[in-house]
Every structure is written in C-alpha cells, then in structure tokens.
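Undergrad: My file is final_2.txt. It has compact mmCIF, N, CA and C atoms:
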# COMPACT_ATOMS: atom_id res chain seq x y z
N MET A 1 -20.39 5.56 -13.51
CA MET A 1 -19.32 6.19 -14.25
C MET A 1 -18.09 6.32 -13.36
N ASP A 2 -16.97 5.91 -13.87
CA ASP A 2 -15.71 5.98 -13.13
C ASP A 2 -15.07 7.34 -13.34
N ARG A 3 -14.84 8.07 -12.26
CA ARG A 3 -14.27 9.42 -12.35
C ARG A 3 -12.77 9.45 -12.14
N ARG A 4 -12.14 8.32 -12.06
CA ARG A 4 -10.69 8.29 -11.83
C ARG A 4 -9.95 8.80 -13.05
N LEU A 5 -8.88 9.54 -12.80
CA LEU A 5 -8.05 10.05 -13.88
C LEU A 5 -7.02 9.03 -14.34
N SER A 6 -6.59 8.16 -13.44
CA SER A 6 -5.63 7.13 -13.82
C SER A 6 -6.29 5.77 -13.65
N PRO A 7 -6.09 4.88 -14.60
CA PRO A 7 -6.74 3.56 -14.52
C PRO A 7 -6.20 2.74 -13.36
N ARG A 8 -7.09 1.98 -12.76
CA ARG A 8 -6.71 1.10 -11.65
C ARG A 8 -6.57 -0.32 -12.16
N VAL A 9 -5.65 -1.02 -11.55
CA VAL A 9 -5.46 -2.43 -11.84
C VAL A 9 -5.81 -3.20 -10.59
N GLU A 10 -6.78 -4.11 -10.70
CA GLU A 10 -7.10 -4.95 -9.55
C GLU A 10 -5.97 -5.94 -9.35
N TRP A 11 -5.49 -6.00 -8.14
CA TRP A 11 -4.43 -6.94 -7.80
C TRP A 11 -4.64 -7.34 -6.36
N ASN A 12 -5.10 -8.53 -6.13
CA ASN A 12 -5.33 -9.02 -4.78
C ASN A 12 -4.13 -9.82 -4.35
N GLY A 13 -3.23 -9.15 -3.68
CA GLY A 13 -2.02 -9.85 -3.27
C GLY A 13 -1.43 -9.29 -2.01
N PRO A 14 -0.60 -10.09 -1.37
CA PRO A 14 0.05 -9.64 -0.14
C PRO A 14 1.15 -8.63 -0.42
N VAL A 15 1.34 -7.76 0.55
CA VAL A 15 2.45 -6.79 0.54
C VAL A 15 3.02 -6.75 1.95
N HIS A 16 4.19 -6.22 2.06
CA HIS A 16 4.81 -6.00 3.37
C HIS A 16 4.80 -4.50 3.61
N TYR A 17 4.45 -4.10 4.82
CA TYR A 17 4.36 -2.67 5.11
C TYR A 17 4.90 -2.37 6.49
N ARG A 18 5.23 -1.11 6.67
CA ARG A 18 5.59 -0.61 7.99
C ARG A 18 5.18 0.86 8.06
N THR A 19 4.96 1.33 9.27
CA THR A 19 4.50 2.70 9.46
C THR A 19 5.59 3.62 9.97
N GLY A 20 6.71 3.07 10.34
CA GLY A 20 7.85 3.86 10.80
C GLY A 20 9.13 3.30 10.23
N GLU A 21 10.12 4.15 10.06
CA GLU A 21 11.37 3.75 9.43
C GLU A 21 12.05 2.58 10.15
N HIS A 22 11.87 2.50 11.46
CA HIS A 22 12.55 1.45 12.22
C HIS A 22 11.59 0.35 12.68
N ASP A 23 10.35 0.41 12.22
CA ASP A 23 9.38 -0.65 12.57
C ASP A 23 9.67 -1.90 11.75
N ARG A 24 9.20 -3.02 12.25
CA ARG A 24 9.34 -4.26 11.47
C ARG A 24 8.24 -4.27 10.41
N TYR A 25 8.51 -4.99 9.33
CA TYR A 25 7.52 -5.15 8.27
C TYR A 25 6.44 -6.13 8.72
N ARG A 26 5.21 -5.82 8.37
CA ARG A 26 4.07 -6.68 8.65
C ARG A 26 3.39 -7.00 7.32
N THR A 27 2.51 -7.98 7.31
CA THR A 27 1.84 -8.36 6.09
C THR A 27 0.48 -7.69 5.99
N GLY A 28 0.20 -7.12 4.84
CA GLY A 28 -1.10 -6.55 4.52
C GLY A 28 -1.47 -6.99 3.11
N PHE A 29 -2.55 -6.42 2.58
CA PHE A 29 -3.01 -6.80 1.25
C PHE A 29 -3.29 -5.56 0.41
N LEU A 30 -2.92 -5.62 -0.83
CA LEU A 30 -3.20 -4.56 -1.78
C LEU A 30 -4.28 -5.09 -2.72
N THR A 31 -5.38 -4.33 -2.89
CA THR A 31 -6.47 -4.84 -3.73
C THR A 31 -6.61 -4.12 -5.04
N ASP A 32 -6.07 -2.97 -5.18
CA ASP A 32 -5.96 -2.33 -6.48
C ASP A 32 -4.92 -1.22 -6.40
N ILE A 33 -4.39 -0.88 -7.56
CA ILE A 33 -3.32 0.11 -7.59
C ILE A 33 -3.41 0.88 -8.90
N SER A 34 -2.98 2.12 -8.86
CA SER A 34 -2.90 2.95 -10.06
C SER A 34 -1.60 3.72 -10.01
N THR A 35 -1.42 4.62 -10.94
CA THR A 35 -0.20 5.42 -10.94
C THR A 35 -0.22 6.49 -9.85
N THR A 36 -1.39 6.71 -9.23
CA THR A 36 -1.49 7.75 -8.21
C THR A 36 -1.81 7.24 -6.82
N GLY A 37 -2.20 5.96 -6.68
CA GLY A 37 -2.57 5.48 -5.36
C GLY A 37 -2.89 4.01 -5.33
N ALA A 38 -3.42 3.57 -4.17
CA ALA A 38 -3.74 2.17 -3.98
C ALA A 38 -4.74 2.01 -2.84
N MET A 39 -5.41 0.86 -2.82
CA MET A 39 -6.25 0.47 -1.70
C MET A 39 -5.50 -0.61 -0.94
N LEU A 40 -5.18 -0.31 0.31
CA LEU A 40 -4.45 -1.25 1.17
C LEU A 40 -5.35 -1.73 2.28
N TRP A 41 -5.25 -2.99 2.62
CA TRP A 41 -5.94 -3.56 3.77
C TRP A 41 -4.86 -3.97 4.76
N LEU A 42 -4.85 -3.30 5.93
CA LEU A 42 -3.78 -3.48 6.91
C LEU A 42 -4.37 -3.78 8.27
N ASP A 43 -3.60 -4.47 9.10
CA ASP A 43 -4.05 -4.75 10.47
C ASP A 43 -3.52 -3.70 11.44
N ALA A 44 -3.35 -2.48 10.94
CA ALA A 44 -2.89 -1.36 11.76
C ALA A 44 -4.01 -0.34 11.87
N LYS A 45 -3.95 0.47 12.91
CA LYS A 45 -4.92 1.56 13.09
C LYS A 45 -4.26 2.85 12.64
N LEU A 46 -4.65 3.33 11.47
CA LEU A 46 -4.07 4.53 10.90
C LEU A 46 -5.15 5.59 10.73
N GLU A 47 -4.72 6.81 10.54
CA GLU A 47 -5.64 7.92 10.32
C GLU A 47 -5.26 8.63 9.03
N GLU A 48 -6.17 9.44 8.52
CA GLU A 48 -5.85 10.25 7.34
C GLU A 48 -4.62 11.09 7.64
N GLY A 49 -3.71 11.14 6.68
CA GLY A 49 -2.47 11.88 6.85
C GLY A 49 -1.29 11.02 7.29
N ASP A 50 -1.57 9.82 7.83
CA ASP A 50 -0.47 8.92 8.21
C ASP A 50 0.23 8.41 6.95
N ARG A 51 1.48 8.03 7.13
CA ARG A 51 2.28 7.53 6.01
C ARG A 51 2.62 6.06 6.22
N VAL A 52 2.69 5.35 5.09
CA VAL A 52 2.94 3.91 5.10
C VAL A 52 3.98 3.61 4.02
N GLU A 53 4.96 2.79 4.38
CA GLU A 53 5.93 2.28 3.41
C GLU A 53 5.52 0.86 3.06
N VAL A 54 5.42 0.58 1.78
CA VAL A 54 4.98 -0.73 1.30
C VAL A 54 6.04 -1.29 0.37
N ARG A 55 6.34 -2.57 0.54
CA ARG A 55 7.19 -3.23 -0.45
C ARG A 55 6.40 -4.38 -1.04
N MET A 56 6.53 -4.50 -2.35
CA MET A 56 5.78 -5.55 -3.03
C MET A 56 6.57 -6.09 -4.20
N GLN A 57 6.19 -7.27 -4.60
CA GLN A 57 6.79 -7.92 -5.75
C GLN A 57 5.70 -8.05 -6.80
N SER A 58 5.89 -7.41 -7.93
CA SER A 58 4.93 -7.48 -9.03
C SER A 58 5.18 -8.74 -9.84
N GLU A 59 4.12 -9.29 -10.39
CA GLU A 59 4.29 -10.45 -11.26
C GLU A 59 4.88 -10.03 -12.61
N TYR A 60 4.86 -8.73 -12.89
CA TYR A 60 5.35 -8.22 -14.18
C TYR A 60 6.80 -7.76 -14.13
N ASP A 61 7.35 -7.59 -12.96
CA ASP A 61 8.71 -7.08 -12.83
C ASP A 61 9.43 -7.92 -11.79
N PRO A 62 10.58 -8.50 -12.12
CA PRO A 62 11.26 -9.37 -11.16
C PRO A 62 11.88 -8.63 -9.98
N ARG A 63 11.99 -7.29 -10.09
CA ARG A 63 12.60 -6.52 -9.01
C ARG A 63 11.53 -6.03 -8.04
N PRO A 64 11.70 -6.26 -6.75
CA PRO A 64 10.74 -5.71 -5.78
C PRO A 64 10.80 -4.19 -5.77
N VAL A 65 9.70 -3.55 -5.39
CA VAL A 65 9.63 -2.10 -5.35
C VAL A 65 9.19 -1.66 -3.96
N LYS A 66 9.67 -0.50 -3.56
CA LYS A 66 9.28 0.10 -2.29
C LYS A 66 8.49 1.36 -2.62
N MET A 67 7.28 1.49 -2.02
CA MET A 67 6.42 2.63 -2.28
C MET A 67 6.10 3.34 -0.98
N HIS A 68 5.92 4.63 -1.08
CA HIS A 68 5.57 5.45 0.07
C HIS A 68 4.20 6.07 -0.20
N PHE A 69 3.27 5.83 0.72
CA PHE A 69 1.89 6.28 0.56
C PHE A 69 1.49 7.20 1.70
N GLU A 70 0.50 8.05 1.43
CA GLU A 70 -0.17 8.82 2.46
C GLU A 70 -1.62 8.35 2.49
N VAL A 71 -2.13 8.07 3.69
CA VAL A 71 -3.53 7.66 3.85
C VAL A 71 -4.42 8.86 3.59
N VAL A 72 -5.36 8.73 2.65
CA VAL A 72 -6.29 9.82 2.35
C VAL A 72 -7.74 9.46 2.69
N ARG A 73 -8.00 8.16 2.93
CA ARG A 73 -9.35 7.74 3.27
C ARG A 73 -9.28 6.46 4.09
N VAL A 74 -10.12 6.37 5.10
CA VAL A 74 -10.20 5.18 5.94
C VAL A 74 -11.61 4.61 5.79
N LEU A 75 -11.71 3.34 5.37
CA LEU A 75 -13.02 2.72 5.24
C LEU A 75 -13.59 2.43 6.63
N PRO A 76 -14.90 2.62 6.81
CA PRO A 76 -15.48 2.50 8.15
C PRO A 76 -15.63 1.06 8.67
N GLN A 77 -15.72 0.08 7.77
CA GLN A 77 -15.97 -1.29 8.21
C GLN A 77 -14.75 -2.18 7.96
N PRO A 78 -14.14 -2.70 9.03
CA PRO A 78 -13.03 -3.65 8.85
C PRO A 78 -13.53 -4.95 8.23
N ARG A 79 -12.62 -5.69 7.63
CA ARG A 79 -12.91 -7.01 7.07
C ARG A 79 -11.88 -8.01 7.57
N ASN A 80 -12.35 -9.02 8.27
CA ASN A 80 -11.47 -10.08 8.76
C ASN A 80 -10.27 -9.54 9.53
N GLY A 81 -10.47 -8.48 10.31
CA GLY A 81 -9.41 -7.92 11.12
C GLY A 81 -8.53 -6.91 10.42
N TYR A 82 -8.85 -6.58 9.16
CA TYR A 82 -8.07 -5.62 8.39
C TYR A 82 -8.92 -4.39 8.07
N THR A 83 -8.31 -3.22 8.14
CA THR A 83 -8.99 -1.97 7.81
C THR A 83 -8.54 -1.54 6.42
N GLY A 84 -9.48 -1.02 5.63
CA GLY A 84 -9.18 -0.56 4.28
C GLY A 84 -8.73 0.90 4.29
N TYR A 85 -7.65 1.17 3.59
CA TYR A 85 -7.10 2.52 3.50
C TYR A 85 -6.91 2.90 2.04
N GLY A 86 -7.56 3.99 1.64
CA GLY A 86 -7.29 4.57 0.33
C GLY A 86 -6.07 5.45 0.47
N CYS A 87 -5.06 5.18 -0.33
CA CYS A 87 -3.77 5.86 -0.16
C CYS A 87 -3.31 6.53 -1.45
N ARG A 88 -2.66 7.67 -1.29
CA ARG A 88 -2.06 8.41 -2.39
C ARG A 88 -0.59 8.05 -2.46
N LEU A 89 -0.13 7.71 -3.66
CA LEU A 89 1.28 7.37 -3.85
C LEU A 89 2.12 8.64 -3.81
N GLU A 90 3.11 8.67 -2.93
CA GLU A 90 4.02 9.81 -2.85
C GLU A 90 5.27 9.58 -3.69
N ARG A 91 5.83 8.37 -3.61
CA ARG A 91 7.00 8.04 -4.43
C ARG A 91 7.22 6.53 -4.39
N HIS A 92 7.99 6.05 -5.36
CA HIS A 92 8.37 4.64 -5.36
C HIS A 92 9.82 4.54 -5.81
N GLU A 93 10.43 3.45 -5.45
CA GLU A 93 11.85 3.24 -5.75
C GLU A 93 12.14 1.76 -5.70
N PRO A 94 13.23 1.32 -6.33
CA PRO A 94 13.60 -0.09 -6.20
C PRO A 94 13.86 -0.41 -4.73
N TRP A 95 13.54 -1.61 -4.33
CA TRP A 95 13.77 -2.00 -2.95
C TRP A 95 15.06 -2.79 -2.87
N GLU A 96 15.94 -2.32 -2.04
CA GLU A 96 17.19 -3.01 -1.76
C GLU A 96 17.10 -3.55 -0.35
N LYS A 97 17.48 -4.80 -0.15
CA LYS A 97 17.44 -5.39 1.19
C LYS A 97 18.24 -4.54 2.15
N GLU A 98 17.67 -4.38 3.36
CA GLU A 98 18.33 -3.55 4.38
C GLU A 98 19.14 -4.39 5.32
Could I get this file's structure written as structure tokens?
TA:
Amino acid sequence: MDRRLSPRVEWNGPVHYRTGEHDRYRTGFLTDISTTGAMLWLDAKLEEGDRVEVRMQSEYDPRPVKMHFEVVRVLPQPRNGYTGYGCRLERHEPWEKE
C-alpha cells in the first residue's frame, strides 16, 4: 500500500545540481518527483538537512525550472558511484540563465 499523500511520477532523467550558491553545476539523476519532493541520485556526499539546488528541463514544459530541496533521507547503498537522496521540495521557480 502506498502511503504517499501526493502522487509520484517516475522520471529517469538527468538534472543539473549544485550544493552552494557559487558552486558549479554538476550532473545528477532524478528518478521520481511529486509536488512535495523527489528522489535524486548525486555524486556528492550529503547529509540529512543539506540543501540542493536542481535545474531541470521537463518534457512537458519548454521552460527550464529551478528547484530547491532539503535532503530528508540518505539511501545506504550507492549505485554506480551515485548516492540516493530523498528530498523535500522547498520551492521552485523559472530558471533564468545566470
């Protein structure tokens, strides 16, 4: 039985992320997303409470979006050099090139 309050959409696609405002963007993967959070696979070492900025291009919307997440769960087993992070969506906004 699925106890989620908001439906998840499986989406296996690349995203660009950074952990600090002045850090460079790196490539990670988003494997599902909902209105409240997402599962991200990143090649960074993060802990619960850390924040991540993600930019992605949806196949449904031609405008890229920038999302801000808080890590709420860290999966114990990495896959192919990437660690899984369950993240809570804090906010999203249109992404304008910097």
Undergrad: So the first atom is CA of Pro78 (chain A) and the second is CA of Arg24 (chain A); what is the distance between them in Å, to one decimal place?
TA: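 A separation of 22.5 Å between them.
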Undergrad: Quick one: everything within 8 Å of Phe69 (chain A), counting all atoms listed in the file, minus sequence neighbours fewer than 4 positions away in the same chain. Send it as an MDAnalysis selection string.
TA: chainID A and resid 37:38 49:54 86:92
Undergrad: Quick one: pull the distance between CA of Arg73 (chain A) and CA of Ala44 (chain A), Å, one decimal.
TA: 14.0 Å
Undergrad: Could you jot down the CA of Glu21 (chain A) to atom N of Pro62 (chain A) separation for me, Å, one decimal place?
TA: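 For CA of Glu21 (chain A) relative to atom N of Pro62 (chain A), the distance reads 24.8 Å.
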Undergrad: So that I can check the surroundings of Met56 (chain A), please list as a PyMOL selection string every protein, DNA and RNA residue that reaches within 7 Å of it, counting all atoms listed in the file and ignoring chain neighbours fewer than 6 positions away.
TA: chain A and resi 14-16+63-67
Undergrad: Let's see if you can do this: from backbone DSSP, list all strand (DSSP E) residues in chain A, as number ranges by chain.
TA: A: 9-18, 26-33, 37-42, 51-56, 65-74, 83-94
Undergrad: Which is closer to Asp32 (chain A) than all the others in A:Tyr82, A:Val74, A:Gly13, A:Arg55, using only N, CA and C atoms?
TA: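 Distance minimum relative to Asp32 (chain A) lands on A:Gly13.
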Undergrad: Could you check the closest approach to Gly28 (chain A) for each of A:Glu70, A:Glu48, A:Leu75, A:Gly81 and tell me which residue wins, using only C-alpha atoms?
TA: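 Counting only C-alpha atoms, the residue closest to Gly28 (chain A) is A:Gly81.
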Undergrad: Could you check which of A:Asn12, A:Gln77, A:Val71, A:Tyr17 is closest to Leu46 (chain A), using only C-alpha atoms?
TA: A:Val71
